[in-house]
Amino acid sequence: MNLLLRATYARRWLRSSASAYAKAAGAPAVNSYRRKRLELDQHRERDREPEREFLDDGREVLYEGPLMEKIKGVKTMSLVSCVATSMLGPYMMLTRDELSRQSDFQQITVGFLVLAIGAGTTAFLSWVCSPYVSRLSLSTDKKVFIAEQTDVLLRHKVTAFPVGSQTPVDILRPMVNFEAEKRHYFLAKENMKHKLVREQFPWIVKEDDE
């Protein structure tokens with residue numbers, strides 16, 4: 001009887017051990033499968049073609065910049081600060097407090113410094129953000145890219161360049177990743193979902209994969 005109980009216990013222990021080993025051995029395979037499935041779903045989501053959008057004049061929208069509203073906000077604040085410093089600078093140069101210990105030269109220097117800071121920051125932000133493309137569309141004959149941007153005064157600016165004329169550029173300037181007809185442009189890689197854009201700008205897509 002004692003031997004029978006021992007045999008039954010040993011058989012149950014062997015079964016539980018074998019089951020636990022099988023689960024432990026299969027866990028990495030299951031995790032690997034789930035990880036590969038997740039990566040595959042992410043690639044499919046990234047490569048999925050967006051719905052085609054057309055403008056009133058028949059142009060197809062290929063790309064829209066994701067940070068355009070933020071850039072407009074930064075430019076607006078920069079313009080407001082430039083106007084404020086432009087008004088404050090002459091006031092500081094022309095008015096003088098009787099209790100002030102500053103000389104006329106010091107007061108004029110401070111006024112010019114305020115003007116320079118306001119104009120300099122506005123010019124720098126305009127230089128940095130000017131290549132940013134808010135929308136890239138394709139002409140009806142499918143031969144020309146139309147890039148929409150904003151200038152320093154937040155006015156709408158449209159430039160066009162032939163398809164295939166764009167080339168990668170490597171310069172010490174932020175927010176520039178290609179050049180076309182001696183003009184610099186920038187496309188945000190996370191919004192390059194259209195197949196034609198990925199084909200025409202492969203160096204930006206490779207940068208995204210890296």
# chains A, B, ... in the order shown; residues from 1 in each chain; ligands from 1
call {"tool": "residues_around", "arguments": {"residues": "Pro162 of chain A", "least_positions_apart": "6", "cutoff": "8 Å", "atoms": "only C-alpha atoms", "output": "NGL selection string"}}
result
:A and (143-145)
call {"tool": "select_by_dssp", "arguments": {"residues": "segment 54-167 of chain A", "states": "helix (DSSP H, G or I)", "output": "PyMOL selection string"}}
result
chain A and resi 68-94+104-129
call {"tool": "closest_atom_pairs", "arguments": {"of": "segment 52-100 of chain A", "to": "segment 174-193 of chain A", "cutoff": "12 Å", "atoms": "only C-alpha atoms", "output": "tab-separated table"}}
result
residue	atom	partner	partner_atom	distance
A:Arg52	CA	A:Lys193	CA	11.0
A:Val61	CA	A:Lys193	CA	11.3
A:Leu62	CA	A:Met192	CA	8.1
A:Tyr63	CA	A:Met192	CA	6.3
A:Glu64	CA	A:Asn191	CA	7.0
A:Gly65	CA	A:Ala188	CA	6.4
A:Pro66	CA	A:Asn191	CA	7.0
A:Leu67	CA	A:Ala188	CA	8.6
A:Met68	CA	A:Ala188	CA	10.5
A:Ile71	CA	A:Met175	CA	11.8
call {"tool": "closest_residue", "arguments": {"among": "A:Val114, A:Glu51, A:Val133, A:Gln149", "to": "Lys195 of chain A", "atoms": "only C-alpha atoms"}}
result
A:Glu51
call {"tool": "atom_distance", "arguments": {"atom1": "atom CA of Ser134 of chain A", "atom2": "atom CA of Gly118 of chain A"}}
result
25.7 Å
call {"tool": "atom_distance", "arguments": {"atom1": "atom CA of Met93 of chain A", "atom2": "atom CA of Gln107 of chain A"}}
result
5.7 Å
call {"tool": "closest_residue", "arguments": {"among": "A:Cys82, A:Met77, A:Val163, A:Met92", "to": "Thr109 of chain A", "atoms": "only C-alpha atoms"}}
result
A:Met92
call {"tool": "atom_distance", "arguments": {"atom1": "atom CA of Glu60 of chain A", "atom2": "atom CA of Val169 of chain A"}}
result
25.8 Å
call {"tool": "decode", "arguments": {"residues": "segment 90-138 of chain A", "atoms": "N, CA and C atoms", "output": "PDB file, in the first residue's frame"}}
result
ATOM      1  N   PRO A  90      13.020 103.144 -28.370  1.00  0.00           N
ATOM      2  CA  PRO A  90      13.079 104.611 -28.502  1.00  0.00           C
ATOM      3  C   PRO A  90      12.627 105.346 -27.246  1.00  0.00           C
ATOM      4  N   TYR A  91      11.633 104.785 -26.550  1.00  0.00           N
ATOM      5  CA  TYR A  91      11.180 105.425 -25.312  1.00  0.00           C
ATOM      6  C   TYR A  91      12.308 105.466 -24.281  1.00  0.00           C
ATOM      7  N   MET A  92      13.056 104.378 -24.192  1.00  0.00           N
ATOM      8  CA  MET A  92      14.168 104.341 -23.241  1.00  0.00           C
ATOM      9  C   MET A  92      15.287 105.283 -23.659  1.00  0.00           C
ATOM     10  N   MET A  93      15.445 105.495 -24.965  1.00  0.00           N
ATOM     11  CA  MET A  93      16.517 106.374 -25.426  1.00  0.00           C
ATOM     12  C   MET A  93      16.162 107.851 -25.287  1.00  0.00           C
ATOM     13  N   LEU A  94      14.871 108.192 -25.447  1.00  0.00           N
ATOM     14  CA  LEU A  94      14.473 109.594 -25.494  1.00  0.00           C
ATOM     15  C   LEU A  94      14.022 110.149 -24.151  1.00  0.00           C
ATOM     16  N   THR A  95      13.534 109.290 -23.281  1.00  0.00           N
ATOM     17  CA  THR A  95      13.076 109.771 -21.977  1.00  0.00           C
ATOM     18  C   THR A  95      14.165 109.556 -20.943  1.00  0.00           C
ATOM     19  N   ARG A  96      14.209 110.469 -19.994  1.00  0.00           N
ATOM     20  CA  ARG A  96      15.249 110.385 -18.972  1.00  0.00           C
ATOM     21  C   ARG A  96      14.646 110.722 -17.621  1.00  0.00           C
ATOM     22  N   ASP A  97      14.931 109.875 -16.657  1.00  0.00           N
ATOM     23  CA  ASP A  97      14.478 110.087 -15.291  1.00  0.00           C
ATOM     24  C   ASP A  97      15.505 110.951 -14.554  1.00  0.00           C
ATOM     25  N   GLU A  98      15.008 111.966 -13.856  1.00  0.00           N
ATOM     26  CA  GLU A  98      15.921 112.856 -13.136  1.00  0.00           C
ATOM     27  C   GLU A  98      16.684 112.131 -12.034  1.00  0.00           C
ATOM     28  N   LEU A  99      16.081 111.067 -11.501  1.00  0.00           N
ATOM     29  CA  LEU A  99      16.743 110.322 -10.429  1.00  0.00           C
ATOM     30  C   LEU A  99      17.697 109.256 -10.962  1.00  0.00           C
ATOM     31  N   SER A 100      17.686 109.049 -12.266  1.00  0.00           N
ATOM     32  CA  SER A 100      18.549 108.022 -12.841  1.00  0.00           C
ATOM     33  C   SER A 100      19.999 108.480 -12.836  1.00  0.00           C
ATOM     34  N   ARG A 101      20.882 107.555 -12.555  1.00  0.00           N
ATOM     35  CA  ARG A 101      22.308 107.859 -12.530  1.00  0.00           C
ATOM     36  C   ARG A 101      22.996 107.492 -13.842  1.00  0.00           C
ATOM     37  N   GLN A 102      22.235 107.014 -14.810  1.00  0.00           N
ATOM     38  CA  GLN A 102      22.821 106.639 -16.091  1.00  0.00           C
ATOM     39  C   GLN A 102      23.102 107.886 -16.930  1.00  0.00           C
ATOM     40  N   SER A 103      24.187 107.818 -17.670  1.00  0.00           N
ATOM     41  CA  SER A 103      24.502 108.908 -18.593  1.00  0.00           C
ATOM     42  C   SER A 103      23.668 108.754 -19.862  1.00  0.00           C
ATOM     43  N   ASP A 104      23.680 109.795 -20.687  1.00  0.00           N
ATOM     44  CA  ASP A 104      22.935 109.731 -21.947  1.00  0.00           C
ATOM     45  C   ASP A 104      23.449 108.591 -22.831  1.00  0.00           C
ATOM     46  N   PHE A 105      24.748 108.416 -22.849  1.00  0.00           N
ATOM     47  CA  PHE A 105      25.325 107.342 -23.667  1.00  0.00           C
ATOM     48  C   PHE A 105      24.865 105.969 -23.187  1.00  0.00           C
ATOM     49  N   GLN A 106      24.846 105.762 -21.882  1.00  0.00           N
ATOM     50  CA  GLN A 106      24.397 104.481 -21.338  1.00  0.00           C
ATOM     51  C   GLN A 106      22.923 104.232 -21.644  1.00  0.00           C
ATOM     52  N   GLN A 107      22.125 105.278 -21.541  1.00  0.00           N
ATOM     53  CA  GLN A 107      20.698 105.118 -21.801  1.00  0.00           C
ATOM     54  C   GLN A 107      20.445 104.799 -23.269  1.00  0.00           C
ATOM     55  N   ILE A 108      21.158 105.462 -24.169  1.00  0.00           N
ATOM     56  CA  ILE A 108      21.003 105.175 -25.599  1.00  0.00           C
ATOM     57  C   ILE A 108      21.488 103.761 -25.915  1.00  0.00           C
ATOM     58  N   THR A 109      22.559 103.343 -25.260  1.00  0.00           N
ATOM     59  CA  THR A 109      23.082 101.991 -25.482  1.00  0.00           C
ATOM     60  C   THR A 109      22.071 100.934 -25.057  1.00  0.00           C
ATOM     61  N   VAL A 110      21.440 101.138 -23.909  1.00  0.00           N
ATOM     62  CA  VAL A 110      20.429 100.186 -23.439  1.00  0.00           C
ATOM     63  C   VAL A 110      19.247 100.142 -24.397  1.00  0.00           C
ATOM     64  N   GLY A 111      18.828 101.310 -24.904  1.00  0.00           N
ATOM     65  CA  GLY A 111      17.722 101.340 -25.857  1.00  0.00           C
ATOM     66  C   GLY A 111      18.043 100.589 -27.135  1.00  0.00           C
ATOM     67  N   PHE A 112      19.252 100.808 -27.668  1.00  0.00           N
ATOM     68  CA  PHE A 112      19.665 100.074 -28.863  1.00  0.00           C
ATOM     69  C   PHE A 112      19.766  98.573 -28.590  1.00  0.00           C
ATOM     70  N   LEU A 113      20.199  98.209 -27.388  1.00  0.00           N
ATOM     71  CA  LEU A 113      20.309  96.795 -27.040  1.00  0.00           C
ATOM     72  C   LEU A 113      18.935  96.128 -27.015  1.00  0.00           C
ATOM     73  N   VAL A 114      17.944  96.823 -26.478  1.00  0.00           N
ATOM     74  CA  VAL A 114      16.583  96.280 -26.460  1.00  0.00           C
ATOM     75  C   VAL A 114      16.064  96.103 -27.884  1.00  0.00           C
ATOM     76  N   LEU A 115      16.302  97.097 -28.736  1.00  0.00           N
ATOM     77  CA  LEU A 115      15.883  96.985 -30.140  1.00  0.00           C
ATOM     78  C   LEU A 115      16.576  95.816 -30.836  1.00  0.00           C
ATOM     79  N   ALA A 116      17.864  95.666 -30.583  1.00  0.00           N
ATOM     80  CA  ALA A 116      18.618  94.594 -31.242  1.00  0.00           C
ATOM     81  C   ALA A 116      18.136  93.220 -30.792  1.00  0.00           C
ATOM     82  N   ILE A 117      17.823  93.080 -29.508  1.00  0.00           N
ATOM     83  CA  ILE A 117      17.346  91.782 -29.012  1.00  0.00           C
ATOM     84  C   ILE A 117      16.007  91.427 -29.641  1.00  0.00           C
ATOM     85  N   GLY A 118      15.083  92.391 -29.689  1.00  0.00           N
ATOM     86  CA  GLY A 118      13.771  92.115 -30.282  1.00  0.00           C
ATOM     87  C   GLY A 118      13.858  91.763 -31.751  1.00  0.00           C
ATOM     88  N   ALA A 119      14.602  92.565 -32.515  1.00  0.00           N
ATOM     89  CA  ALA A 119      14.725  92.298 -33.950  1.00  0.00           C
ATOM     90  C   ALA A 119      15.547  91.042 -34.216  1.00  0.00           C
ATOM     91  N   GLY A 120      16.570  90.818 -33.402  1.00  0.00           N
ATOM     92  CA  GLY A 120      17.430  89.654 -33.617  1.00  0.00           C
ATOM     93  C   GLY A 120      16.717  88.339 -33.371  1.00  0.00           C
ATOM     94  N   THR A 121      15.952  88.250 -32.285  1.00  0.00           N
ATOM     95  CA  THR A 121      15.225  87.006 -32.006  1.00  0.00           C
ATOM     96  C   THR A 121      14.160  86.733 -33.063  1.00  0.00           C
ATOM     97  N   THR A 122      13.484  87.783 -33.524  1.00  0.00           N
ATOM     98  CA  THR A 122      12.476  87.597 -34.571  1.00  0.00           C
ATOM     99  C   THR A 122      13.117  87.124 -35.871  1.00  0.00           C
ATOM    100  N   ALA A 123      14.238  87.734 -36.234  1.00  0.00           N
ATOM    101  CA  ALA A 123      14.925  87.330 -37.462  1.00  0.00           C
ATOM    102  C   ALA A 123      15.451  85.900 -37.353  1.00  0.00           C
ATOM    103  N   PHE A 124      15.953  85.528 -36.175  1.00  0.00           N
ATOM    104  CA  PHE A 124      16.482  84.174 -36.000  1.00  0.00           C
ATOM    105  C   PHE A 124      15.373  83.130 -36.097  1.00  0.00           C
ATOM    106  N   LEU A 125      14.247  83.370 -35.441  1.00  0.00           N
ATOM    107  CA  LEU A 125      13.136  82.419 -35.510  1.00  0.00           C
ATOM    108  C   LEU A 125      12.592  82.306 -36.930  1.00  0.00           C
ATOM    109  N   SER A 126      12.548  83.422 -37.636  1.00  0.00           N
ATOM    110  CA  SER A 126      12.097  83.371 -39.028  1.00  0.00           C
ATOM    111  C   SER A 126      13.062  82.565 -39.882  1.00  0.00           C
ATOM    112  N   TRP A 127      14.340  82.727 -39.635  1.00  0.00           N
ATOM    113  CA  TRP A 127      15.351  81.981 -40.392  1.00  0.00           C
ATOM    114  C   TRP A 127      15.254  80.487 -40.111  1.00  0.00           C
ATOM    115  N   VAL A 128      14.978  80.130 -38.855  1.00  0.00           N
ATOM    116  CA  VAL A 128      14.888  78.720 -38.481  1.00  0.00           C
ATOM    117  C   VAL A 128      13.625  78.082 -39.045  1.00  0.00           C
ATOM    118  N   CYS A 129      12.497  78.770 -38.933  1.00  0.00           N
ATOM    119  CA  CYS A 129      11.200  78.170 -39.275  1.00  0.00           C
ATOM    120  C   CYS A 129      10.790  78.354 -40.730  1.00  0.00           C
ATOM    121  N   SER A 130      11.476  79.202 -41.467  1.00  0.00           N
ATOM    122  CA  SER A 130      11.045  79.488 -42.841  1.00  0.00           C
ATOM    123  C   SER A 130      11.049  78.268 -43.761  1.00  0.00           C
ATOM    124  N   PRO A 131      11.962  77.274 -43.620  1.00  0.00           N
ATOM    125  CA  PRO A 131      11.899  76.115 -44.530  1.00  0.00           C
ATOM    126  C   PRO A 131      10.744  75.157 -44.242  1.00  0.00           C
ATOM    127  N   TYR A 132      10.061  75.318 -43.126  1.00  0.00           N
ATOM    128  CA  TYR A 132       9.031  74.350 -42.727  1.00  0.00           C
ATOM    129  C   TYR A 132       7.867  74.379 -43.717  1.00  0.00           C
ATOM    130  N   VAL A 133       7.523  73.208 -44.236  1.00  0.00           N
ATOM    131  CA  VAL A 133       6.441  73.076 -45.216  1.00  0.00           C
ATOM    132  C   VAL A 133       5.156  72.712 -44.474  1.00  0.00           C
ATOM    133  N   SER A 134       4.161  73.569 -44.590  1.00  0.00           N
ATOM    134  CA  SER A 134       2.883  73.286 -43.937  1.00  0.00           C
ATOM    135  C   SER A 134       2.028  72.324 -44.752  1.00  0.00           C
ATOM    136  N   ARG A 135       2.173  72.378 -46.074  1.00  0.00           N
ATOM    137  CA  ARG A 135       1.420  71.458 -46.939  1.00  0.00           C
ATOM    138  C   ARG A 135       2.191  71.256 -48.235  1.00  0.00           C
ATOM    139  N   LEU A 136       2.242  70.005 -48.662  1.00  0.00           N
ATOM    140  CA  LEU A 136       2.861  69.657 -49.937  1.00  0.00           C
ATOM    141  C   LEU A 136       1.807  68.980 -50.803  1.00  0.00           C
ATOM    142  N   SER A 137       1.604  69.522 -51.982  1.00  0.00           N
ATOM    143  CA  SER A 137       0.592  68.974 -52.881  1.00  0.00           C
ATOM    144  C   SER A 137       1.207  68.714 -54.252  1.00  0.00           C
ATOM    145  N   LEU A 138       0.463  67.985 -55.062  1.00  0.00           N
ATOM    146  CA  LEU A 138       0.914  67.605 -56.400  1.00  0.00           C
ATOM    147  C   LEU A 138      -0.004  68.242 -57.432  1.00  0.00           C
TER     148      LEU A 138
END
